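> Below you'll find run14.cif; it's mmCIF, C-alpha atoms.
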data_entry
loop_
_atom_site.label_atom_id
_atom_site.label_comp_id
_atom_site.auth_asym_id
_atom_site.auth_seq_id
_atom_site.Cartn_x
_atom_site.Cartn_y
_atom_site.Cartn_z
CA MET T 1 -7.66 8.69 9.92
CA ASN T 2 -6.63 12.36 9.99
CA ASN T 3 -7.09 13.38 6.36
CA HIS T 4 -8.49 16.84 7.14
CA ALA T 5 -5.30 18.87 7.51
CA GLY T 6 -6.01 22.53 6.89
CA ILE T 7 -9.75 22.25 7.56
CA PRO T 8 -10.92 24.31 10.57
CA SER T 9 -11.87 22.05 13.47
CA GLU T 10 -15.36 23.57 13.67
CA GLN T 11 -15.98 22.27 10.14
CA CYS T 12 -15.01 18.68 11.03
CA LEU T 13 -17.40 16.00 12.23
CA ARG T 14 -16.39 12.66 13.67
CA PHE T 15 -18.12 9.65 12.11
CA ASP T 16 -17.10 6.02 12.41
CA LEU T 17 -19.45 3.30 11.18
CA GLU T 18 -18.07 1.00 13.88
CA GLU T 19 -18.88 3.52 16.63
CA PRO T 20 -22.66 4.09 16.86
CA SER T 21 -22.09 6.93 19.32
CA THR T 22 -20.76 9.01 16.39
CA TRP T 23 -23.71 8.44 14.09
CA LEU T 24 -25.79 11.27 15.50
CA ASN T 25 -23.06 13.74 14.54
CA ILE T 26 -24.40 13.76 10.97
CA PRO T 27 -26.64 16.84 10.52
CA VAL T 28 -30.21 15.97 9.53
CA ASP T 29 -30.23 17.99 6.30
CA ALA T 30 -26.67 17.22 5.18
CA ASP T 31 -25.48 15.74 1.92
CA ILE T 32 -23.20 12.74 2.48
CA ILE T 33 -20.28 11.49 0.42
CA TRP T 34 -19.63 7.95 1.71
CA CYS T 35 -16.02 7.18 0.79
CA PHE T 36 -15.26 3.99 2.73
CA PRO T 37 -16.52 0.44 2.06
CA ALA T 38 -20.17 0.06 3.06
CA THR T 39 -19.55 -3.00 5.21
CA PRO T 40 -20.65 -4.94 7.12
CA LEU T 41 -24.22 -4.88 5.83
CA GLU T 42 -25.71 -5.22 9.32
CA GLN T 43 -23.88 -2.09 10.48
CA VAL T 44 -24.93 -0.16 7.38
CA GLN T 45 -28.55 -1.13 8.01
CA ALA T 46 -28.30 -0.19 11.68
CA PHE T 47 -26.92 3.25 10.79
CA ALA T 48 -29.68 3.79 8.22
CA ARG T 49 -32.31 3.03 10.86
CA THR T 50 -30.98 5.84 13.06
CA LEU T 51 -31.68 8.49 10.43
CA ASP T 52 -34.82 10.48 11.28
CA ALA T 53 -35.07 11.30 7.59
CA PRO T 54 -32.80 10.37 4.69
CA PRO T 55 -30.11 12.98 4.00
CA ARG T 56 -30.80 15.26 1.06
CA ARG T 57 -28.28 13.35 -1.08
CA ILE T 58 -26.02 10.37 -0.45
CA VAL T 59 -23.16 9.60 -2.84
CA VAL T 60 -21.44 6.27 -2.15
CA LEU T 61 -17.99 5.55 -3.56
CA GLY T 62 -17.99 1.94 -4.69
CA SER T 63 -15.67 0.09 -7.03
CA THR T 64 -15.71 -1.32 -10.54
CA SER T 65 -14.74 -4.59 -8.85
CA ALA T 66 -18.51 -4.93 -8.33
CA TYR T 67 -18.47 -6.22 -11.91
CA ASP T 68 -16.86 -9.61 -12.21
CA ALA T 69 -14.47 -9.92 -15.14
CA PRO T 70 -15.87 -12.44 -17.64
CA SER T 71 -14.21 -15.73 -16.72
CA GLN T 72 -15.50 -17.92 -19.55
CA SER T 73 -15.29 -15.44 -22.41
CA THR T 74 -12.49 -15.76 -24.95
CA GLU T 75 -13.35 -12.37 -26.46
CA TYR T 76 -10.39 -10.01 -26.60
CA PRO T 77 -10.35 -7.13 -26.14
CA PRO T 78 -13.00 -7.70 -23.47
CA PRO T 79 -16.44 -6.15 -24.06
CA TRP T 80 -17.27 -2.74 -22.68
CA ILE T 81 -19.02 -2.78 -19.30
CA ASP T 82 -21.75 -0.27 -18.55
CA GLU T 83 -24.04 0.12 -15.57
CA SER T 84 -26.48 -2.50 -16.88
CA ALA T 85 -23.88 -5.27 -16.43
CA PRO T 86 -24.47 -7.80 -13.62
CA ILE T 87 -22.83 -7.07 -10.27
CA ASN T 88 -21.56 -9.58 -7.73
CA LEU T 89 -23.96 -9.48 -4.79
CA THR T 90 -21.88 -11.99 -2.83
CA LYS T 91 -19.33 -9.22 -2.15
CA PRO T 92 -20.01 -7.55 1.23
CA ARG T 93 -19.34 -4.00 0.05
CA VAL T 94 -21.65 -4.48 -2.95
CA GLN T 95 -24.41 -5.65 -0.59
CA GLY T 96 -23.99 -2.47 1.47
CA GLU T 97 -23.91 -0.21 -1.59
CA GLU T 98 -27.03 -1.80 -3.04
CA TYR T 99 -28.86 -1.49 0.27
CA LEU T 100 -28.09 2.23 0.40
CA ARG T 101 -29.04 2.66 -3.26
CA ASN T 102 -32.32 0.77 -3.04
CA GLU T 103 -33.47 1.79 0.44
CA LEU T 104 -32.14 5.36 0.78
CA GLY T 105 -31.88 6.39 -2.86
CA ALA T 106 -28.10 6.69 -2.67
CA ILE T 107 -26.15 7.45 -5.83
CA VAL T 108 -23.45 4.79 -6.21
CA LEU T 109 -20.25 5.68 -8.05
CA ARG T 110 -18.43 2.56 -9.24
CA VAL T 111 -14.90 3.91 -9.26
CA ALA T 112 -11.99 2.64 -11.34
CA GLY T 113 -8.39 2.67 -10.09
CA ILE T 114 -7.58 6.04 -8.55
CA TYR T 115 -4.32 7.77 -9.41
CA GLY T 116 -2.81 11.21 -8.96
CA PRO T 117 -0.05 12.94 -6.98
CA GLY T 118 1.20 10.50 -4.35
CA ARG T 119 -0.52 7.64 -6.15
CA ASN T 120 1.52 7.36 -9.32
CA PRO T 121 1.12 4.35 -11.67
CA LEU T 122 4.76 4.81 -12.70
CA ASP T 123 5.71 4.08 -9.09
CA TRP T 124 3.63 0.90 -9.24
CA ILE T 125 5.84 -0.18 -12.16
CA ARG T 126 9.04 0.92 -10.41
CA GLN T 127 8.09 -1.08 -7.32
CA GLY T 128 7.22 -4.22 -9.27
CA ARG T 129 3.58 -4.10 -8.22
CA VAL T 130 2.51 -4.27 -11.86
CA GLY T 131 4.28 -5.31 -15.03
CA PRO T 132 3.66 -5.94 -18.72
CA SER T 133 0.58 -8.01 -19.49
CA ARG T 134 -2.38 -8.01 -21.82
CA LYS T 135 -4.69 -7.13 -18.92
CA TYR T 136 -6.68 -3.93 -19.30
CA VAL T 137 -6.62 -1.35 -16.52
CA ASN T 138 -9.19 1.42 -16.02
CA LEU T 139 -8.14 4.56 -14.15
CA ILE T 140 -9.52 7.86 -12.89
CA HIS T 141 -7.52 10.89 -11.77
CA VAL T 142 -8.29 11.93 -8.21
CA GLU T 143 -9.16 15.48 -9.32
CA ASP T 144 -11.76 14.13 -11.75
CA LEU T 145 -13.13 11.82 -9.06
CA ALA T 146 -13.58 14.73 -6.63
CA ALA T 147 -15.32 16.82 -9.30
CA ILE T 148 -17.58 13.90 -10.26
CA CYS T 149 -18.63 13.50 -6.62
CA LEU T 150 -19.80 17.12 -6.65
CA ALA T 151 -21.50 16.65 -10.03
CA ALA T 152 -23.32 13.60 -8.65
CA LEU T 153 -24.52 15.60 -5.65
CA ASP T 154 -25.74 18.33 -7.98
CA ARG T 155 -27.11 16.43 -10.98
CA GLY T 156 -27.12 12.70 -10.19
CA GLN T 157 -30.40 10.81 -10.08
CA PRO T 158 -31.22 9.23 -6.70
CA GLY T 159 -30.97 5.45 -6.78
CA GLU T 160 -28.74 5.40 -9.87
CA ALA T 161 -25.26 3.93 -10.33
CA TYR T 162 -22.57 5.58 -12.41
CA ASN T 163 -19.25 4.20 -13.62
CA VAL T 164 -16.36 6.54 -12.85
CA SER T 165 -13.44 6.01 -15.21
CA ASP T 166 -11.64 8.22 -17.71
CA GLY T 167 -13.05 5.94 -20.42
CA GLN T 168 -9.60 5.18 -21.85
CA PRO T 169 -8.64 1.65 -20.75
CA HIS T 170 -5.03 0.67 -21.41
CA THR T 171 -3.25 -2.65 -21.29
CA TRP T 172 -0.32 -2.95 -18.93
CA ASN T 173 1.77 -3.88 -21.96
CA GLU T 174 1.05 -0.44 -23.40
CA VAL T 175 1.48 1.45 -20.12
CA CYS T 176 4.80 -0.25 -19.36
CA ALA T 177 6.11 0.32 -22.90
CA THR T 178 5.16 4.01 -22.71
CA ALA T 179 6.71 4.31 -19.24
CA GLN T 180 10.00 2.99 -20.65
CA GLN T 181 9.91 5.22 -23.73
CA ARG T 182 8.85 8.49 -22.13
CA TRP T 183 10.21 8.35 -18.58
CA SER T 184 12.84 5.57 -18.73
CA VAL T 185 10.86 3.60 -16.14
CA ALA T 186 11.72 -0.05 -16.64
CA ALA T 187 9.38 -2.77 -15.50
CA THR T 188 10.88 -5.35 -13.17
CA ALA T 189 10.18 -9.03 -13.68
CA VAL T 190 6.72 -9.99 -12.46
CA LYS T 191 4.50 -12.94 -13.15
CA GLU T 192 2.46 -12.56 -16.32
CA ASP T 193 -1.22 -11.87 -15.61
CA PRO T 194 -3.23 -13.99 -18.07
CA SER T 195 -6.57 -12.29 -17.39
CA SER T 196 -8.03 -9.85 -19.88
CA GLY T 197 -9.35 -7.37 -17.33
CA LYS T 198 -12.27 -5.09 -18.13
CA ARG T 199 -13.09 -2.09 -20.25
CA ILE T 200 -15.30 0.28 -18.27
CA SER T 201 -17.66 2.61 -20.13
CA ASN T 202 -18.14 6.12 -18.76
CA ALA T 203 -20.84 7.14 -21.25
CA LYS T 204 -23.45 7.58 -18.52
CA ILE T 205 -21.57 10.20 -16.50
CA ARG T 206 -20.66 12.06 -19.68
CA SER T 207 -24.26 12.18 -20.87
CA GLU T 208 -26.34 12.34 -17.67
CA LEU T 209 -23.95 14.37 -15.50
CA ASP T 210 -22.61 16.33 -18.49
CA TYR T 211 -19.11 15.81 -17.12
CA ARG T 212 -16.01 16.88 -19.06
CA PHE T 213 -12.77 15.31 -17.90
CA ARG T 214 -9.82 17.37 -16.74
CA HIS T 215 -7.43 14.43 -17.13
CA ALA T 216 -8.74 12.35 -20.02
CA ASP T 217 -5.21 11.55 -21.23
CA LEU T 218 -3.34 9.28 -18.80
CA TYR T 219 0.09 10.06 -20.20
CA GLU T 220 -0.36 13.83 -20.09
CA ALA T 221 -1.46 13.46 -16.46
CA LEU T 222 1.57 11.30 -15.67
CA ASP T 223 3.81 13.96 -17.24
CA LEU T 224 2.37 16.51 -14.80
CA ILE T 225 2.82 14.17 -11.84
CA GLU T 226 6.41 13.34 -12.78
CA SER T 227 7.35 16.98 -13.40
CA ALA T 228 6.00 17.94 -9.99
CA ARG T 229 8.03 15.33 -8.12
CA SER T 230 10.45 16.71 -5.56
CA PRO T 231 14.11 16.22 -6.51
CA SER T 232 15.54 13.13 -4.79
#
Rewrite the structure from the file as structure tokens, please.


Amino acid sequence: MNNHAGIPSEQCLRFDLEEPSTWLNIPVDADIIWCFPATPLEQVQAFARTLDAPPRRIVVLGSTSAYDAPSQSTEYPPPWIDESAPINLTKPRVQGEEYLRNELGAIVLRVAGIYGPGRNPLDWIRQGRVGPSRKYVNLIHVEDLAAICLAALDRGQPGEAYNVSDGQPHTWNEVCATAQQRWSVAATAVKEDPSSGKRISNAKIRSELDYRFRHADLYEALDLIESARSPS
């Protein structure tokens, strides 16, 4: 994928986990931000074996889907989930993340739903991808995610996992009602989602990485995104 527009070609390196010939392009003393699923495990392990020495820092972008939503619990709202909660090791990407964390000391960021310009939750409602339900959603603005990656490289502890969320879970009922009231975005009919979702705690990145959010308020951030939209 060509997501490096504006970056001088001499500053770009080609790396593809599925192409071992590209693995040696990683400089020996580089920091690495791993932003694609760490799968399959066998390929992740093979790449790790090619490293003469572990990179200075590895930050792996995982997902809060590593935590299974409680299926038997009737508690609502659902309990807060921190980094001590069990993860689902049957998921291939979780296996890869945990290998990198345990064997190479990678810092794993378990990232909530990413939003920002070009990835607008109000568009998800407009398109019928989501609708009103009691399910909780956890989000992180892309600018905060980028800054947290740098904070993890600078201050994160090797081998640790950190939840990356703005710490303000909302139900889709609330988001859809606010979308209607503030931006006249009406939800289209979608099947009710009976699940309760999760509430992701971000206490660890706030305390250990001393991170202060730029976009802690979802609705203020959506106002900025909507106001910046090009006229149709």

> Evaluate the PyMOL selection byres ((chain T and resi 160) around 12) here and jot the selected residues down as a ChimeraX atom specification.

/T:57-60,83-84,97-98,100-110,152-153,155-159,161-163,204-205,208-209

> If I take CA of Asp29 (chain T) and CA of Tyr99 (chain T), how far is one from the other in Å, to one decimal?

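Those two atoms sit 20.4 Å apart.
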
> Written as a PDB file with C-alpha atoms, in the frame of the given file, which residues does the PyMOL selection byres ((chain T and resi 192) around 9) give for the file shown?


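What ended up in result-v6.pdb:
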ATOM      1  CA  GLY T 131       4.280  -5.310 -15.030  1.00  0.00           C
ATOM      2  CA  PRO T 132       3.660  -5.940 -18.720  1.00  0.00           C
ATOM      3  CA  SER T 133       0.580  -8.010 -19.490  1.00  0.00           C
ATOM      4  CA  ARG T 134      -2.380  -8.010 -21.820  1.00  0.00           C
ATOM      5  CA  ALA T 189      10.180  -9.030 -13.680  1.00  0.00           C
ATOM      6  CA  VAL T 190       6.720  -9.990 -12.460  1.00  0.00           C
ATOM      7  CA  LYS T 191       4.500 -12.940 -13.150  1.00  0.00           C
ATOM      8  CA  ASP T 193      -1.220 -11.870 -15.610  1.00  0.00           C
ATOM      9  CA  PRO T 194      -3.230 -13.990 -18.070  1.00  0.00           C
TER      10      PRO T 194
END

> Smallest atom-to-atom distance to Pro77 (chain T): which of T:His170, T:Thr178, T:Ala228, T:Ser184, using all atoms listed in the file?

T:His170

> Which one is closest to Asp217 (chain T): T:Asp166, T:Glu75, T:Glu10, T:Asp82? Count only C-alpha atoms.

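When distances to Asp217 (chain T) are compared using only C-alpha atoms, the smallest one comes from T:Asp166.
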
> Let me know the residues the PyMOL selection byres ((chain T and resi 64) around 6) catches in the file above, as a PyMOL selection string.

chain T and resi 63+65-67+110-112

> Need to verify the contact set: Ala186 (chain T), 10 Å, all atoms listed in the file, exclusion of same-chain residues closer than 6 positions in sequence. Can you return it as a PDB file with C-alpha atoms, in the frame of the given file?


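Below you can see around.pdb, which holds the result:
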ATOM      1  CA  LEU T 122       4.760   4.810 -12.700  1.00  0.00           C
ATOM      2  CA  ILE T 125       5.840  -0.180 -12.160  1.00  0.00           C
ATOM      3  CA  ARG T 126       9.040   0.920 -10.410  1.00  0.00           C
ATOM      4  CA  GLY T 128       7.220  -4.220  -9.270  1.00  0.00           C
ATOM      5  CA  GLY T 131       4.280  -5.310 -15.030  1.00  0.00           C
ATOM      6  CA  CYS T 176       4.800  -0.250 -19.360  1.00  0.00           C
ATOM      7  CA  ALA T 177       6.110   0.320 -22.900  1.00  0.00           C
ATOM      8  CA  THR T 178       5.160   4.010 -22.710  1.00  0.00           C
ATOM      9  CA  ALA T 179       6.710   4.310 -19.240  1.00  0.00           C
ATOM     10  CA  GLN T 180      10.000   2.990 -20.650  1.00  0.00           C
TER      11      GLN T 180
END

> The residues within 8 Å of (-14.8, 9.5, 0.4), using only C-alpha atoms and the coordinates of the file, should be reported as a PDB file with C-alpha atoms, in the coordinates of the input; which are they?


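Writing the result to out-v8.pdb gives the following:
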ATOM      1  CA  ILE T  33     -20.280  11.490   0.420  1.00  0.00           C
ATOM      2  CA  TRP T  34     -19.630   7.950   1.710  1.00  0.00           C
ATOM      3  CA  CYS T  35     -16.020   7.180   0.790  1.00  0.00           C
ATOM      4  CA  PHE T  36     -15.260   3.990   2.730  1.00  0.00           C
ATOM      5  CA  VAL T  60     -21.440   6.270  -2.150  1.00  0.00           C
ATOM      6  CA  LEU T  61     -17.990   5.550  -3.560  1.00  0.00           C
TER       7      LEU T  61
END

> Would you mind reading off the distance between CA of Asp52 (chain T) and CA of Pro92 (chain T), one decimal, in Å?

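Separation of CA of Asp52 (chain T) and CA of Pro92 (chain T): 25.4 Å.
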
> Using all atoms listed in the file, pick whichever of T:Ile32, T:Val130, T:Val137, T:Val44 has the shortest atom-to-atom distance to Ser196 (chain T).

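The answer is T:Val137, which sits nearest to Ser196 (chain T).
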
> Out of T:Ile7, T:Ala48, T:Ile148, T:Leu41, which residue has the shortest atom-to-atom distance to Pro20 (chain T) when counting only C-alpha atoms?

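Among the listed residues, T:Ala48 lies closest to Pro20 (chain T).
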
> Out of T:Ala46, T:Ala69, T:Ile200, T:Leu224, which residue has the shortest atom-to-atom distance to Ile87 (chain T) when counting all atoms listed in the file?

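For Ile87 (chain T), the nearest of the given residues is T:Ala69.
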
> Taking all atoms listed in the file into account, which of T:Gly6, T:Asp68, T:Leu145, T:Arg214 comes nearest Thr90 (chain T)?

T:Asp68

> Suppose you want the space between CA of Gly167 (chain T) and CA of Arg206 (chain T); what is it in Å?

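These two atoms are separated by 9.8 Å.
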
> Name all residues at most 10 Å from Asp144 (chain T) (count all atoms listed in the file; drop same-chain ones fewer than 2 positions away) and give them as a list of chain:residue names.

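Result of the neighbour search: T:Ile114, T:Gly116, T:Ile140, T:His141, T:Val142, T:Ala146, T:Ala147, T:Ile148, T:Cys149, T:Leu150, T:Val164, T:Ser165, T:Asp166, T:Tyr211, T:Arg212, T:Phe213, T:Arg214, T:His215, T:Ala216.
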
> Excluding Ala30 (chain T) and any residue of its chain fewer than 3 positions from it, enumerate the residues within 8 Å of it, using all atoms listed in the file, and give them as a list in words.

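Within the cut-off, the hits are Ile26, Pro27, Pro55, Arg56 and Arg57 of chain T.
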
> Got a sec: who's within 8 Å of Pro79 (chain T), counting only C-alpha atoms, leaving out chain neighbours fewer than 3 positions off, as a compact mmCIF listing (two decimals) with C-alpha atoms, keeping the file's coordinate frame?


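result-v9.txt was written with the following content:
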# COMPACT_ATOMS: atom_id res chain seq x y z
CA GLU T 75 -13.35 -12.37 -26.46
CA TYR T 76 -10.39 -10.01 -26.60
CA LYS T 198 -12.27 -5.09 -18.13
CA ARG T 199 -13.09 -2.09 -20.25

> Would you pick out the contacts of Thr50 (chain T) at 9 Å or less, using all atoms listed in the file, so that residues sharing its chain but fewer than 4 positions from it are not included, and give the list as a PyMOL selection string?

chain T and resi 23-24+45-46

> Can you pull region 106-118 of chain T out of that block with all heavy atoms and hand it back as a PDB file, in the first residue's frame?


ATOM      1  N   ALA T 106       8.512  -6.710  22.781  1.00  0.00           N
ATOM      2  CA  ALA T 106       7.700  -5.700  22.097  1.00  0.00           C
ATOM      3  C   ALA T 106       6.683  -5.096  23.055  1.00  0.00           C
ATOM      4  O   ALA T 106       6.204  -5.742  23.996  1.00  0.00           O
ATOM      5  CB  ALA T 106       6.985  -6.319  20.908  1.00  0.00           C
ATOM      6  N   ILE T 107       6.360  -3.838  22.810  1.00  0.00           N
ATOM      7  CA  ILE T 107       5.296  -3.139  23.526  1.00  0.00           C
ATOM      8  C   ILE T 107       4.037  -3.278  22.676  1.00  0.00           C
ATOM      9  O   ILE T 107       4.021  -2.859  21.514  1.00  0.00           O
ATOM     10  CB  ILE T 107       5.655  -1.658  23.715  1.00  0.00           C
ATOM     11  CG1 ILE T 107       6.924  -1.535  24.570  1.00  0.00           C
ATOM     12  CG2 ILE T 107       4.495  -0.891  24.327  1.00  0.00           C
ATOM     13  CD1 ILE T 107       7.566  -0.162  24.509  1.00  0.00           C
ATOM     14  N   VAL T 108       2.993  -3.884  23.218  1.00  0.00           N
ATOM     15  CA  VAL T 108       1.768  -4.117  22.464  1.00  0.00           C
ATOM     16  C   VAL T 108       0.722  -3.079  22.857  1.00  0.00           C
ATOM     17  O   VAL T 108       0.387  -2.937  24.042  1.00  0.00           O
ATOM     18  CB  VAL T 108       1.218  -5.538  22.700  1.00  0.00           C
ATOM     19  CG1 VAL T 108      -0.135  -5.713  22.011  1.00  0.00           C
ATOM     20  CG2 VAL T 108       2.212  -6.581  22.181  1.00  0.00           C
ATOM     21  N   LEU T 109       0.241  -2.351  21.879  1.00  0.00           N
ATOM     22  CA  LEU T 109      -0.845  -1.397  22.082  1.00  0.00           C
ATOM     23  C   LEU T 109      -2.142  -2.051  21.631  1.00  0.00           C
ATOM     24  O   LEU T 109      -2.287  -2.386  20.457  1.00  0.00           O
ATOM     25  CB  LEU T 109      -0.596  -0.115  21.288  1.00  0.00           C
ATOM     26  CG  LEU T 109       0.715   0.629  21.569  1.00  0.00           C
ATOM     27  CD1 LEU T 109       0.790   1.895  20.724  1.00  0.00           C
ATOM     28  CD2 LEU T 109       0.866   0.952  23.051  1.00  0.00           C
ATOM     29  N   ARG T 110      -3.066  -2.265  22.552  1.00  0.00           N
ATOM     30  CA  ARG T 110      -4.366  -2.844  22.213  1.00  0.00           C
ATOM     31  C   ARG T 110      -5.308  -1.688  21.928  1.00  0.00           C
ATOM     32  O   ARG T 110      -5.803  -1.020  22.825  1.00  0.00           O
ATOM     33  CB  ARG T 110      -4.848  -3.757  23.345  1.00  0.00           C
ATOM     34  CG  ARG T 110      -3.914  -4.957  23.517  1.00  0.00           C
ATOM     35  CD  ARG T 110      -4.361  -5.923  24.580  1.00  0.00           C
ATOM     36  NE  ARG T 110      -3.369  -6.997  24.698  1.00  0.00           N
ATOM     37  CZ  ARG T 110      -2.965  -7.533  25.844  1.00  0.00           C
ATOM     38  NH1 ARG T 110      -3.491  -7.120  26.990  1.00  0.00           N
ATOM     39  NH2 ARG T 110      -2.059  -8.488  25.851  1.00  0.00           N
ATOM     40  N   VAL T 111      -5.541  -1.473  20.629  1.00  0.00           N
ATOM     41  CA  VAL T 111      -6.145  -0.238  20.136  1.00  0.00           C
ATOM     42  C   VAL T 111      -7.651  -0.396  19.951  1.00  0.00           C
ATOM     43  O   VAL T 111      -8.117  -1.373  19.356  1.00  0.00           O
ATOM     44  CB  VAL T 111      -5.478   0.171  18.799  1.00  0.00           C
ATOM     45  CG1 VAL T 111      -6.050   1.493  18.304  1.00  0.00           C
ATOM     46  CG2 VAL T 111      -3.953   0.273  18.975  1.00  0.00           C
ATOM     47  N   ALA T 112      -8.390   0.583  20.451  1.00  0.00           N
ATOM     48  CA  ALA T 112      -9.840   0.634  20.252  1.00  0.00           C
ATOM     49  C   ALA T 112     -10.140   1.077  18.823  1.00  0.00           C
ATOM     50  O   ALA T 112      -9.239   1.227  17.991  1.00  0.00           O
ATOM     51  CB  ALA T 112     -10.458   1.594  21.274  1.00  0.00           C
ATOM     52  N   GLY T 113     -11.409   1.294  18.513  1.00  0.00           N
ATOM     53  CA  GLY T 113     -11.811   1.712  17.174  1.00  0.00           C
ATOM     54  C   GLY T 113     -11.208   3.058  16.803  1.00  0.00           C
ATOM     55  O   GLY T 113     -11.326   4.031  17.557  1.00  0.00           O
ATOM     56  N   ILE T 114     -10.558   3.111  15.659  1.00  0.00           N
ATOM     57  CA  ILE T 114      -9.859   4.330  15.240  1.00  0.00           C
ATOM     58  C   ILE T 114     -10.818   5.207  14.432  1.00  0.00           C
ATOM     59  O   ILE T 114     -11.512   4.740  13.531  1.00  0.00           O
ATOM     60  CB  ILE T 114      -8.638   3.985  14.380  1.00  0.00           C
ATOM     61  CG1 ILE T 114      -7.698   3.039  15.146  1.00  0.00           C
ATOM     62  CG2 ILE T 114      -7.889   5.255  13.970  1.00  0.00           C
ATOM     63  CD1 ILE T 114      -6.598   2.441  14.277  1.00  0.00           C
ATOM     64  N   TYR T 115     -10.829   6.505  14.759  1.00  0.00           N
ATOM     65  CA  TYR T 115     -11.631   7.442  13.974  1.00  0.00           C
ATOM     66  C   TYR T 115     -10.821   8.710  13.750  1.00  0.00           C
ATOM     67  O   TYR T 115      -9.777   8.926  14.370  1.00  0.00           O
ATOM     68  CB  TYR T 115     -12.963   7.750  14.663  1.00  0.00           C
ATOM     69  CG  TYR T 115     -12.867   8.727  15.818  1.00  0.00           C
ATOM     70  CD1 TYR T 115     -13.215  10.067  15.648  1.00  0.00           C
ATOM     71  CD2 TYR T 115     -12.446   8.321  17.080  1.00  0.00           C
ATOM     72  CE1 TYR T 115     -13.132  10.962  16.707  1.00  0.00           C
ATOM     73  CE2 TYR T 115     -12.352   9.200  18.135  1.00  0.00           C
ATOM     74  CZ  TYR T 115     -12.700  10.529  17.944  1.00  0.00           C
ATOM     75  OH  TYR T 115     -12.609  11.426  18.984  1.00  0.00           O
ATOM     76  N   GLY T 116     -11.303   9.540  12.846  1.00  0.00           N
ATOM     77  CA  GLY T 116     -10.633  10.793  12.526  1.00  0.00           C
ATOM     78  C   GLY T 116     -11.063  11.244  11.139  1.00  0.00           C
ATOM     79  O   GLY T 116     -12.005  10.688  10.559  1.00  0.00           O
ATOM     80  N   PRO T 117     -10.408  12.241  10.570  1.00  0.00           N
ATOM     81  CA  PRO T 117     -10.755  12.685   9.218  1.00  0.00           C
ATOM     82  C   PRO T 117     -10.662  11.528   8.234  1.00  0.00           C
ATOM     83  O   PRO T 117      -9.682  10.783   8.212  1.00  0.00           O
ATOM     84  CB  PRO T 117      -9.685  13.753   8.927  1.00  0.00           C
ATOM     85  CG  PRO T 117      -9.279  14.253  10.277  1.00  0.00           C
ATOM     86  CD  PRO T 117      -9.346  13.067  11.185  1.00  0.00           C
ATOM     87  N   GLY T 118     -11.710  11.341   7.444  1.00  0.00           N
ATOM     88  CA  GLY T 118     -11.768  10.231   6.504  1.00  0.00           C
ATOM     89  C   GLY T 118     -12.234   8.940   7.125  1.00  0.00           C
ATOM     90  O   GLY T 118     -12.399   7.931   6.420  1.00  0.00           O
TER      91      GLY T 118
END
